[in-house]
>>> print(open('run-v6.cif').read())   # mmCIF, C-alpha atoms and all ligand atoms
data_run
#
loop_
_atom_site.group_PDB
_atom_site.id
_atom_site.type_symbol
_atom_site.label_atom_id
_atom_site.label_comp_id
_atom_site.auth_asym_id
_atom_site.auth_seq_id
_atom_site.Cartn_x
_atom_site.Cartn_y
_atom_site.Cartn_z
ATOM 1 C CA MET A 1 0.000 0.000 0.000
ATOM 2 C CA GLU A 2 2.839 2.331 0.859
ATOM 3 C CA ASN A 3 4.386 1.682 -2.549
ATOM 4 C CA ILE A 4 1.094 2.348 -4.308
ATOM 5 C CA ASN A 5 0.712 5.655 -2.488
ATOM 6 C CA LEU A 6 4.264 6.584 -3.484
ATOM 7 C CA GLU A 7 3.442 5.780 -7.123
ATOM 8 C CA LYS A 8 0.287 7.901 -6.902
ATOM 9 C CA LYS A 9 2.292 10.787 -5.423
ATOM 10 C CA HIS A 10 4.924 10.558 -8.180
ATOM 11 C CA ALA A 11 2.238 10.640 -10.907
ATOM 12 C CA ALA A 12 0.423 13.509 -9.187
ATOM 13 C CA LYS A 13 3.573 15.606 -8.811
ATOM 14 C CA ALA A 14 4.485 15.082 -12.472
ATOM 15 C CA ALA A 15 0.988 16.196 -13.528
ATOM 16 C CA ALA A 16 1.226 19.326 -11.361
ATOM 17 C CA GLN A 17 4.294 20.303 -13.397
ATOM 18 C CA LEU A 18 2.092 20.447 -16.527
ATOM 19 C CA ILE A 19 0.068 23.337 -15.125
ATOM 20 C CA LYS A 20 0.961 26.773 -16.485
ATOM 21 C CA ASN A 21 0.082 30.207 -15.149
ATOM 22 C CA GLY A 22 -3.371 31.368 -16.302
ATOM 23 C CA MET A 23 -4.770 27.893 -16.981
ATOM 24 C CA THR A 24 -8.273 26.715 -16.215
ATOM 25 C CA VAL A 25 -7.775 23.188 -14.889
ATOM 26 C CA GLY A 26 -10.302 20.361 -14.625
ATOM 27 C CA LEU A 27 -9.890 18.700 -11.250
ATOM 28 C CA GLY A 28 -10.789 14.996 -11.141
ATOM 29 C CA THR A 29 -11.763 12.931 -8.127
ATOM 30 C CA GLY A 30 -10.068 10.285 -5.998
ATOM 31 C CA SER A 31 -7.062 9.589 -3.832
ATOM 32 C CA THR A 32 -4.528 10.167 -6.642
ATOM 33 C CA VAL A 33 -6.182 13.465 -7.533
ATOM 34 C CA ASN A 34 -5.986 14.450 -3.859
ATOM 35 C CA TYR A 35 -2.185 14.212 -4.116
ATOM 36 C CA PHE A 36 -2.388 16.284 -7.311
ATOM 37 C CA LEU A 37 -4.453 18.957 -5.513
ATOM 38 C CA ASP A 38 -1.807 19.143 -2.782
ATOM 39 C CA ALA A 39 0.995 19.479 -5.345
ATOM 40 C CA LEU A 40 -0.970 22.048 -7.352
ATOM 41 C CA ALA A 41 -1.796 24.130 -4.269
ATOM 42 C CA ASN A 42 1.916 24.121 -3.386
ATOM 43 C CA ARG A 43 2.852 25.397 -6.825
ATOM 44 C CA ILE A 44 0.119 28.045 -6.735
ATOM 45 C CA SER A 45 1.348 29.459 -3.440
ATOM 46 C CA GLN A 46 5.083 29.120 -4.107
ATOM 47 C CA GLU A 47 5.007 30.482 -7.663
ATOM 48 C CA ASN A 48 2.027 32.817 -7.227
ATOM 49 C CA LEU A 49 0.214 31.137 -10.150
ATOM 50 C CA LYS A 50 -3.221 32.305 -11.281
ATOM 51 C CA ILE A 51 -5.143 29.058 -11.708
ATOM 52 C CA ILE A 52 -8.866 28.429 -11.892
ATOM 53 C CA GLY A 53 -10.303 24.994 -11.165
ATOM 54 C CA VAL A 54 -13.421 23.253 -12.489
ATOM 55 C CA THR A 55 -14.311 20.363 -10.204
ATOM 56 C CA THR A 56 -15.820 16.933 -10.879
ATOM 57 C CA SER A 57 -17.393 16.201 -7.481
ATOM 58 C CA PHE A 58 -18.525 17.907 -4.310
ATOM 59 C CA LYS A 59 -15.625 16.155 -2.517
ATOM 60 C CA THR A 60 -13.015 17.621 -4.853
ATOM 61 C CA ALA A 61 -14.670 21.040 -4.690
ATOM 62 C CA GLY A 62 -14.461 20.996 -0.876
ATOM 63 C CA ARG A 63 -10.852 19.883 -0.852
ATOM 64 C CA ALA A 64 -9.766 22.327 -3.551
ATOM 65 C CA LYS A 65 -11.419 25.222 -1.744
ATOM 66 C CA SER A 66 -9.802 24.238 1.559
ATOM 67 C CA LEU A 67 -6.413 24.321 -0.205
ATOM 68 C CA GLY A 68 -7.106 27.832 -1.510
ATOM 69 C CA ILE A 69 -7.663 26.840 -5.154
ATOM 70 C CA THR A 70 -10.169 29.127 -6.910
ATOM 71 C CA ILE A 71 -13.158 27.174 -8.231
ATOM 72 C CA ILE A 72 -15.712 28.179 -10.853
ATOM 73 C CA ASP A 73 -18.780 26.466 -12.291
ATOM 74 C CA ILE A 74 -18.171 24.602 -15.541
ATOM 75 C CA ASP A 75 -20.686 26.833 -17.326
ATOM 76 C CA ASP A 76 -18.712 29.922 -16.321
ATOM 77 C CA ALA A 77 -15.466 28.554 -17.772
ATOM 78 C CA PRO A 78 -15.024 29.613 -21.416
ATOM 79 C CA MET A 79 -12.699 26.615 -21.822
ATOM 80 C CA ILE A 80 -10.873 24.046 -19.726
ATOM 81 C CA ASP A 81 -7.227 23.913 -20.790
ATOM 82 C CA LEU A 82 -6.269 20.675 -19.106
ATOM 83 C CA THR A 83 -8.046 18.142 -16.901
ATOM 84 C CA VAL A 84 -6.132 15.901 -14.519
ATOM 85 C CA ASP A 85 -8.019 12.868 -13.244
ATOM 86 C CA GLY A 86 -7.431 9.363 -11.927
ATOM 87 C CA ALA A 87 -8.719 6.078 -13.348
ATOM 88 C CA ASP A 88 -9.611 2.656 -11.989
ATOM 89 C CA GLU A 89 -8.319 0.613 -14.908
ATOM 90 C CA VAL A 90 -6.382 1.403 -18.070
ATOM 91 C CA ASP A 91 -5.606 -0.799 -21.097
ATOM 92 C CA CYS A 92 -2.874 -0.645 -23.743
ATOM 93 C CA HIS A 93 -5.167 1.328 -26.103
ATOM 94 C CA MET A 94 -5.372 4.112 -23.510
ATOM 95 C CA ASN A 95 -9.012 3.339 -22.807
ATOM 96 C CA GLY A 96 -10.168 3.117 -19.232
ATOM 97 C CA ILE A 97 -12.795 2.430 -16.621
ATOM 98 C CA LYS A 98 -13.619 5.179 -14.159
ATOM 99 C CA GLY A 99 -16.184 5.583 -11.437
ATOM 100 C CA GLY A 100 -14.836 3.791 -8.390
ATOM 101 C CA GLY A 101 -15.340 7.082 -6.589
ATOM 102 C CA ALA A 102 -18.865 7.510 -8.045
ATOM 103 C CA ALA A 103 -17.950 10.765 -9.816
ATOM 104 C CA PHE A 104 -17.658 9.571 -13.421
ATOM 105 C CA LEU A 105 -20.698 11.456 -14.776
ATOM 106 C CA MET A 106 -19.242 14.834 -13.844
ATOM 107 C CA GLU A 107 -15.744 13.579 -14.752
ATOM 108 C CA LYS A 108 -16.897 12.645 -18.258
ATOM 109 C CA ILE A 109 -18.607 15.998 -18.775
ATOM 110 C CA VAL A 110 -15.495 17.877 -17.652
ATOM 111 C CA ALA A 111 -13.233 15.653 -19.800
ATOM 112 C CA HIS A 112 -15.395 16.210 -22.891
ATOM 113 C CA ASN A 113 -15.107 19.956 -22.397
ATOM 114 C CA SER A 114 -11.332 19.964 -21.956
ATOM 115 C CA ASN A 115 -8.647 20.718 -24.508
ATOM 116 C CA ARG A 116 -6.442 18.029 -23.010
ATOM 117 C CA VAL A 117 -7.023 15.188 -20.553
ATOM 118 C CA VAL A 118 -4.302 13.592 -18.440
ATOM 119 C CA TRP A 119 -4.817 10.597 -16.150
ATOM 120 C CA ILE A 120 -2.602 9.890 -13.186
ATOM 121 C CA VAL A 121 -2.483 6.249 -12.076
ATOM 122 C CA ASP A 122 -0.402 3.786 -10.089
ATOM 123 C CA SER A 123 1.106 0.791 -11.882
ATOM 124 C CA GLN A 124 -1.599 -1.625 -10.635
ATOM 125 C CA LYS A 125 -4.220 0.109 -12.776
ATOM 126 C CA LEU A 126 -2.664 -1.126 -16.041
ATOM 127 C CA HIS A 127 -4.241 -4.223 -17.575
ATOM 128 C CA GLU A 128 -4.092 -5.961 -20.928
ATOM 129 C CA GLN A 129 -7.891 -5.824 -21.246
ATOM 130 C CA LEU A 130 -10.577 -3.831 -19.435
ATOM 131 C CA GLY A 131 -13.097 -5.502 -17.150
ATOM 132 C CA SER A 132 -11.344 -6.749 -14.059
ATOM 133 C CA PHE A 133 -12.632 -3.576 -12.390
ATOM 134 C CA PRO A 134 -16.469 -3.747 -12.264
ATOM 135 C CA LEU A 135 -17.934 -1.283 -14.760
ATOM 136 C CA PRO A 136 -19.921 1.488 -13.019
ATOM 137 C CA VAL A 137 -23.174 2.606 -14.644
ATOM 138 C CA GLU A 138 -25.040 5.636 -13.307
ATOM 139 C CA ILE A 139 -28.802 5.124 -13.489
ATOM 140 C CA VAL A 140 -31.967 7.057 -12.690
ATOM 141 C CA PRO A 141 -33.550 5.846 -9.416
ATOM 142 C CA PHE A 142 -37.045 5.626 -10.986
ATOM 143 C CA GLY A 143 -37.384 2.175 -12.534
ATOM 144 C CA SER A 144 -33.895 1.148 -11.416
ATOM 145 C CA GLY A 145 -35.183 -2.283 -10.345
ATOM 146 C CA LYS A 146 -36.511 -2.916 -13.866
ATOM 147 C CA LEU A 147 -33.207 -1.835 -15.406
ATOM 148 C CA ILE A 148 -31.227 -4.087 -13.064
ATOM 149 C CA THR A 149 -33.467 -7.049 -13.993
ATOM 150 C CA ASP A 150 -32.852 -6.228 -17.654
ATOM 151 C CA PHE A 151 -29.065 -6.118 -17.109
ATOM 152 C CA LYS A 152 -29.292 -9.519 -15.396
ATOM 153 C CA LYS A 153 -31.147 -10.955 -18.399
ATOM 154 C CA HIS A 154 -28.331 -9.691 -20.606
ATOM 155 C CA HIS A 155 -25.739 -11.441 -18.381
ATOM 156 C CA LEU A 156 -24.173 -8.162 -17.288
ATOM 157 C CA HIS A 157 -24.080 -9.175 -13.594
ATOM 158 C CA PRO A 158 -25.239 -5.872 -12.075
ATOM 159 C CA VAL A 159 -24.693 -5.063 -8.414
ATOM 160 C CA LEU A 160 -26.425 -2.001 -6.978
ATOM 161 C CA ARG A 161 -23.747 0.005 -5.170
ATOM 162 C CA GLN A 162 -24.459 0.271 -1.456
ATOM 163 C CA ARG A 163 -22.598 1.255 1.675
ATOM 164 C CA ASP A 164 -23.656 0.107 5.156
ATOM 165 C CA GLY A 165 -26.865 -1.299 3.668
ATOM 166 C CA LYS A 166 -27.829 2.012 2.040
ATOM 167 C CA THR A 167 -27.922 2.651 -1.696
ATOM 168 C CA ILE A 168 -25.298 5.187 -2.695
ATOM 169 C CA VAL A 169 -26.676 8.351 -4.284
ATOM 170 C CA THR A 170 -24.314 10.289 -6.553
ATOM 171 C CA ASP A 171 -23.731 14.044 -6.421
ATOM 172 C CA MET A 172 -26.249 14.333 -9.268
ATOM 173 C CA GLY A 173 -28.903 12.296 -7.407
ATOM 174 C CA HIS A 174 -28.603 8.961 -9.229
ATOM 175 C CA PHE A 175 -27.825 5.340 -8.294
ATOM 176 C CA ILE A 176 -24.840 3.309 -9.464
ATOM 177 C CA VAL A 177 -24.813 -0.305 -10.589
ATOM 178 C CA ASP A 178 -21.469 -2.046 -11.013
ATOM 179 C CA LEU A 179 -21.360 -4.591 -13.826
ATOM 180 C CA VAL A 180 -19.127 -7.469 -12.734
ATOM 181 C CA LEU A 181 -17.865 -8.626 -16.118
ATOM 182 C CA ASN A 182 -14.275 -9.778 -15.416
ATOM 183 C CA LYS A 183 -13.341 -8.971 -19.002
ATOM 184 C CA ILE A 184 -14.781 -6.704 -21.649
ATOM 185 C CA ASP A 185 -14.075 -8.059 -25.128
ATOM 186 C CA GLN A 186 -15.853 -5.305 -27.033
ATOM 187 C CA PRO A 187 -15.794 -2.060 -25.052
ATOM 188 C CA TYR A 188 -17.103 0.111 -27.929
ATOM 189 C CA GLN A 189 -20.085 -2.197 -28.501
ATOM 190 C CA LEU A 190 -20.851 -2.343 -24.782
ATOM 191 C CA GLY A 191 -20.547 1.453 -24.520
ATOM 192 C CA GLN A 192 -23.008 1.904 -27.392
ATOM 193 C CA TYR A 193 -25.444 -0.565 -25.856
ATOM 194 C CA LEU A 194 -25.352 1.283 -22.512
ATOM 195 C CA ASP A 195 -25.644 4.680 -24.241
ATOM 196 C CA GLY A 196 -28.905 3.483 -25.763
ATOM 197 C CA LYS A 197 -30.527 2.166 -22.584
ATOM 198 C CA ILE A 198 -33.411 4.204 -21.164
ATOM 199 C CA GLY A 199 -32.662 4.991 -17.537
ATOM 200 C CA VAL A 200 -28.875 4.921 -17.978
ATOM 201 C CA VAL A 201 -27.414 8.368 -17.394
ATOM 202 C CA GLU A 202 -23.761 7.503 -18.125
ATOM 203 C CA HIS A 203 -21.293 4.630 -17.896
ATOM 204 C CA GLY A 204 -17.704 4.429 -16.737
ATOM 205 C CA LEU A 205 -16.136 3.371 -20.049
ATOM 206 C CA PHE A 206 -13.858 6.233 -21.082
ATOM 207 C CA LEU A 207 -12.923 5.398 -24.668
ATOM 208 C CA ASP A 208 -10.607 7.600 -26.775
ATOM 209 C CA ILE A 209 -10.855 10.375 -24.209
ATOM 210 C CA VAL A 210 -7.452 10.620 -22.517
ATOM 211 C CA ASP A 211 -4.479 12.275 -24.236
ATOM 212 C CA GLU A 212 -1.763 11.264 -21.804
ATOM 213 C CA ILE A 213 -1.466 8.779 -18.943
ATOM 214 C CA ILE A 214 1.163 9.338 -16.272
ATOM 215 C CA ILE A 215 1.950 6.082 -14.511
ATOM 216 C CA GLY A 216 3.672 6.377 -11.176
ATOM 217 C CA THR A 217 6.518 3.971 -10.441
ATOM 218 C CA SER A 218 8.533 3.574 -7.255
ATOM 219 C CA ALA A 219 11.363 5.559 -8.865
ATOM 220 C CA GLY A 220 9.378 8.194 -10.771
ATOM 221 C CA VAL A 221 6.946 8.089 -13.676
ATOM 222 C CA ARG A 222 6.475 6.795 -17.182
ATOM 223 C CA GLN A 223 4.050 8.159 -19.749
ATOM 224 C CA LEU A 224 1.701 6.903 -22.431
ATOM 225 C CA LYS A 225 0.748 9.493 -25.048
ATOM 226 C CA ARG A 226 -2.097 9.223 -27.549
ATOM 227 C CA ASP A 227 -0.116 10.799 -30.387
ATOM 228 C CA THR A 228 2.521 8.043 -30.166
ATOM 229 C CA LEU A 229 0.030 5.200 -29.606
ATOM 230 C CA GLN A 230 0.357 2.235 -32.018
ATOM 231 C CA LYS A 231 -3.021 1.652 -33.722
HETATM 232 O O1 LIG B 1 -13.040 7.537 -11.400
HETATM 233 C C1 LIG B 1 -12.800 7.953 -10.303
HETATM 234 C C2 LIG B 1 -13.828 8.526 -9.419
HETATM 235 O O2 LIG B 1 -15.108 8.443 -10.006
HETATM 236 C C3 LIG B 1 -11.386 7.959 -9.791
HETATM 237 O O3 LIG B 1 -10.604 8.671 -10.671
HETATM 238 C C4 LIG B 1 -10.906 6.537 -9.707
HETATM 239 O O4 LIG B 1 -11.774 5.843 -8.846
HETATM 240 C C5 LIG B 1 -9.467 6.468 -9.219
HETATM 241 O O5 LIG B 1 -9.403 6.719 -7.850
HETATM 242 P P1 LIG B 1 -8.069 6.604 -7.027
HETATM 243 O O6 LIG B 1 -7.163 7.674 -7.506
HETATM 244 O O7 LIG B 1 -8.522 6.796 -5.590
HETATM 245 O O8 LIG B 1 -7.495 5.226 -7.233
#
>>> encode(input="run-v6.cif", output="structure tokens")
Amino acid sequence: MENINLEKKHAAKAAAQLIKNGMTVGLGTGSTVNYFLDALANRISQENLKIIGVTTSFKTAGRAKSLGITIIDIDDAPMIDLTVDGADEVDCHMNGIKGGGAAFLMEKIVAHNSNRVVWIVDSQKLHEQLGSFPLPVEIVPFGSGKLITDFKKHHLHPVLRQRDGKTIVTDMGHFIVDLVLNKIDQPYQLGQYLDGKIGVVEHGLFLDIVDEIIIGTSAGVRQLKRDTLQK
């Protein structure tokens, strides 16, 4: 665990170095992003940077504000220069699964409105194929039982996300079901299927979205970049 946290810190620090004075920065959610927020806040105060943040969850907004990072609403940001976020699983095509922290709806909206998206991950997040991390799907509470039954019929193995016996409600007021698939052979097809389901608000497949992935190692970082990706 200590090693993983060190890897997360290395990736987060490297991402903080990408931030330039005057940028509007999308701030993801999760433990790796928390290290990034710390590193960013340090740079802002030490170098007197003018940075504006657009957040992807109430948790991140609270933490960013407590660190003195200026936050604005996404609709008040003419553009987001760069978004830094974590991920739960990443494959060799630079596709990923997000949503372990239940913030993927806002994260996807912020990513889609960003000029550049960078993920910061520890080395355990890299897998040959997506699916070992259960795929989160954000759904509307009304009729959620019907949708879950439908997912079961389609062998998608849905599990309604709960904590201490209570159904988790996202920042946007929805439920989450995690699809326990073990491996996803056709992520684009699955993404399209979920996009078309009534009652599904968003899913955690992030396909062709990230531009750069910074992977923390015990010694430093290594990077994957979309423009050098083998097709
Ligand atoms: O998608 C996410 C939240 O919705 C997070 O980015 C993902 O869960 C990674 O979290 P962590 O950095 O704590 O491993």
>>> resolve_selection(input="run-v6.cif", expression="the PyMOL selection byres (((not hetatm)) within 7 of (chain B and resi 1))", output="PyMOL selection string")
chain A and resi 28-33+85-88+98-104+121
>>> closest_residue(input="run-v6.cif", among="A:Ile214, A:Lys59, A:Asp208, A:Val117", to="Asn95 of chain A", atoms="only C-alpha atoms")
A:Asp208
>>> resolve_selection(input="run-v6.cif", expression="the PyMOL selection byres (((chain A and resi 13-21) around 9) and not hetatm)", output="PDB file with C-alpha atoms, in the coordinates of the input")
ATOM      1  CA  LYS A   8       0.287   7.901  -6.902  1.00  0.00           C
ATOM      2  CA  LYS A   9       2.292  10.787  -5.423  1.00  0.00           C
ATOM      3  CA  HIS A  10       4.924  10.558  -8.180  1.00  0.00           C
ATOM      4  CA  ALA A  11       2.238  10.640 -10.907  1.00  0.00           C
ATOM      5  CA  ALA A  12       0.423  13.509  -9.187  1.00  0.00           C
ATOM      6  CA  GLY A  22      -3.371  31.368 -16.302  1.00  0.00           C
ATOM      7  CA  MET A  23      -4.770  27.893 -16.981  1.00  0.00           C
ATOM      8  CA  VAL A  25      -7.775  23.188 -14.889  1.00  0.00           C
ATOM      9  CA  TYR A  35      -2.185  14.212  -4.116  1.00  0.00           C
ATOM     10  CA  PHE A  36      -2.388  16.284  -7.311  1.00  0.00           C
ATOM     11  CA  LEU A  37      -4.453  18.957  -5.513  1.00  0.00           C
ATOM     12  CA  ASP A  38      -1.807  19.143  -2.782  1.00  0.00           C
ATOM     13  CA  ALA A  39       0.995  19.479  -5.345  1.00  0.00           C
ATOM     14  CA  LEU A  40      -0.970  22.048  -7.352  1.00  0.00           C
ATOM     15  CA  ARG A  43       2.852  25.397  -6.825  1.00  0.00           C
ATOM     16  CA  ILE A  44       0.119  28.045  -6.735  1.00  0.00           C
ATOM     17  CA  GLU A  47       5.007  30.482  -7.663  1.00  0.00           C
ATOM     18  CA  ASN A  48       2.027  32.817  -7.227  1.00  0.00           C
ATOM     19  CA  LEU A  49       0.214  31.137 -10.150  1.00  0.00           C
ATOM     20  CA  LYS A  50      -3.221  32.305 -11.281  1.00  0.00           C
ATOM     21  CA  ILE A  51      -5.143  29.058 -11.708  1.00  0.00           C
ATOM     22  CA  LEU A  82      -6.269  20.675 -19.106  1.00  0.00           C
ATOM     23  CA  VAL A  84      -6.132  15.901 -14.519  1.00  0.00           C
ATOM     24  CA  VAL A 118      -4.302  13.592 -18.440  1.00  0.00           C
ATOM     25  CA  TRP A 119      -4.817  10.597 -16.150  1.00  0.00           C
ATOM     26  CA  ILE A 120      -2.602   9.890 -13.186  1.00  0.00           C
ATOM     27  CA  ILE A 214       1.163   9.338 -16.272  1.00  0.00           C
ATOM     28  CA  GLY A 216       3.672   6.377 -11.176  1.00  0.00           C
ATOM     29  CA  GLY A 220       9.378   8.194 -10.771  1.00  0.00           C
ATOM     30  CA  VAL A 221       6.946   8.089 -13.676  1.00  0.00           C
TER      31      VAL A 221
END
>>> closest_residue(input="run-v6.cif", among="A:Phe151, A:Thr167, A:Thr217, A:Ile139", to="Asn3 of chain A", atoms="only C-alpha atoms")
A:Thr217
>>> residues_around(input="run-v6.cif", residues="His203 of chain A", least_positions_apart="5", cutoff="8 Å", atoms="all atoms listed in the file", output="MDAnalysis selection string")
chainID A and resid 104:105 135:138 191 194:195
>>> residues_around(input="run-v6.cif", residues="Ile69 of chain A", least_positions_apart="5", cutoff="7 Å", atoms="all atoms listed in the file", output="PDB file with C-alpha atoms, in the coordinates of the input")
ATOM      1  CA  ALA A  41      -1.796  24.130  -4.269  1.00  0.00           C
ATOM      2  CA  GLY A  53     -10.303  24.994 -11.165  1.00  0.00           C
ATOM      3  CA  ALA A  64      -9.766  22.327  -3.551  1.00  0.00           C
TER       4      ALA A  64
END
>>> atom_distance(input="run-v6.cif", atom1="atom CA of Val54 of chain A", atom2="atom CA of Ile71 of chain A")
5.8 Å
>>> atom_distance(input="run-v6.cif", atom1="atom CA of Gln124 of chain A", atom2="atom CA of Ser218 of chain A")
11.9 Å
>>> resolve_selection(input="run-v6.cif", expression="the PyMOL selection byres (((chain A and resi 130) around 12) and not hetatm)", output="PyMOL selection string")
chain A and resi 87-98+125-129+131-135+180-188+190+204-207
>>> residues_around(input="run-v6.cif", residues="Thr149 of chain A", least_positions_apart="6", cutoff="12 Å", atoms="all atoms listed in the file", output="PDB file with C-alpha atoms, in the frame of the given file")
ATOM      1  CA  GLY A 143     -37.384   2.175 -12.534  1.00  0.00           C
ATOM      2  CA  HIS A 155     -25.739 -11.441 -18.381  1.00  0.00           C
ATOM      3  CA  LEU A 156     -24.173  -8.162 -17.288  1.00  0.00           C
ATOM      4  CA  HIS A 157     -24.080  -9.175 -13.594  1.00  0.00           C
ATOM      5  CA  PRO A 158     -25.239  -5.872 -12.075  1.00  0.00           C
ATOM      6  CA  VAL A 159     -24.693  -5.063  -8.414  1.00  0.00           C
ATOM      7  CA  LEU A 160     -26.425  -2.001  -6.978  1.00  0.00           C
ATOM      8  CA  VAL A 177     -24.813  -0.305 -10.589  1.00  0.00           C
TER       9      VAL A 177
END
>>> closest_residue(input="run-v6.cif", among="A:Ser66, A:Ser144, A:Gln223, A:Ser123", to="Ile4 of chain A", atoms="all atoms listed in the file")
A:Ser123
>>> residues_around(input="run-v6.cif", residues="Pro78 of chain A", least_positions_apart="3", cutoff="10 Å", atoms="all atoms listed in the file", output="list in words")
Thr24, Ile74, Asp75, Asp81 and Asn113 of chain A
>>> write_last_selection(input="run-v6.cif", atoms="C-alpha atoms", output="compact mmCIF listing (two decimals), keeping the file's coordinate frame")
# COMPACT_ATOMS: atom_id res chain seq x y z
CA THR A 24 -8.27 26.72 -16.22
CA ILE A 74 -18.17 24.60 -15.54
CA ASP A 75 -20.69 26.83 -17.33
CA ASP A 81 -7.23 23.91 -20.79
CA ASN A 113 -15.11 19.96 -22.40
>>> closest_residue(input="run-v6.cif", among="A:Val200, A:Ala77, A:Ile168, A:Ala111", to="Lys146 of chain A", atoms="all atoms listed in the file")
A:Val200
>>> atom_distance(input="run-v6.cif", atom1="atom CA of Ile198 of chain A", atom2="atom CA of Val169 of chain A")
18.6 Å
>>> closest_residue(input="run-v6.cif", among="A:Asp178, A:Asp122, A:Met106, A:Glu202", to="Arg222 of chain A", atoms="all atoms listed in the file")
A:Asp122
>>> axis_aligned_box(input="run-v6.cif", around="segment 104-107 of chain A", padding_each_side="4 Å", output="lines of an AutoDock Vina configuration file")
center_x = -18.2
center_y = 12.2
center_z = -14.1
size_x = 13.0
size_y = 13.3
size_z = 9.4
>>> closest_residue(input="run-v6.cif", among="A:Glu2, A:Asp227, A:Asp73, A:Glu107", to="Leu27 of chain A", atoms="only C-alpha atoms")
A:Glu107
>>> decode(input="run-v6.cif", residues="segment 131-154 of chain A", atoms="C-alpha atoms", output="PDB file, in the first residue's frame")
ATOM      1  CA  GLY A 131     -13.097  -5.502 -17.150  1.00  0.00           C
ATOM      2  CA  SER A 132     -11.344  -6.749 -14.059  1.00  0.00           C
ATOM      3  CA  PHE A 133     -12.632  -3.576 -12.390  1.00  0.00           C
ATOM      4  CA  PRO A 134     -16.469  -3.747 -12.264  1.00  0.00           C
ATOM      5  CA  LEU A 135     -17.934  -1.283 -14.760  1.00  0.00           C
ATOM      6  CA  PRO A 136     -19.921   1.488 -13.019  1.00  0.00           C
ATOM      7  CA  VAL A 137     -23.174   2.606 -14.644  1.00  0.00           C
ATOM      8  CA  GLU A 138     -25.040   5.636 -13.307  1.00  0.00           C
ATOM      9  CA  ILE A 139     -28.802   5.124 -13.489  1.00  0.00           C
ATOM     10  CA  VAL A 140     -31.967   7.057 -12.690  1.00  0.00           C
ATOM     11  CA  PRO A 141     -33.550   5.846  -9.416  1.00  0.00           C
ATOM     12  CA  PHE A 142     -37.045   5.626 -10.986  1.00  0.00           C
ATOM     13  CA  GLY A 143     -37.384   2.175 -12.534  1.00  0.00           C
ATOM     14  CA  SER A 144     -33.895   1.148 -11.416  1.00  0.00           C
ATOM     15  CA  GLY A 145     -35.183  -2.283 -10.345  1.00  0.00           C
ATOM     16  CA  LYS A 146     -36.511  -2.916 -13.866  1.00  0.00           C
ATOM     17  CA  LEU A 147     -33.207  -1.835 -15.406  1.00  0.00           C
ATOM     18  CA  ILE A 148     -31.227  -4.087 -13.064  1.00  0.00           C
ATOM     19  CA  THR A 149     -33.467  -7.049 -13.993  1.00  0.00           C
ATOM     20  CA  ASP A 150     -32.852  -6.228 -17.654  1.00  0.00           C
ATOM     21  CA  PHE A 151     -29.065  -6.118 -17.109  1.00  0.00           C
ATOM     22  CA  LYS A 152     -29.292  -9.519 -15.396  1.00  0.00           C
ATOM     23  CA  LYS A 153     -31.147 -10.955 -18.399  1.00  0.00           C
ATOM     24  CA  HIS A 154     -28.331  -9.691 -20.606  1.00  0.00           C
TER      25      HIS A 154
END
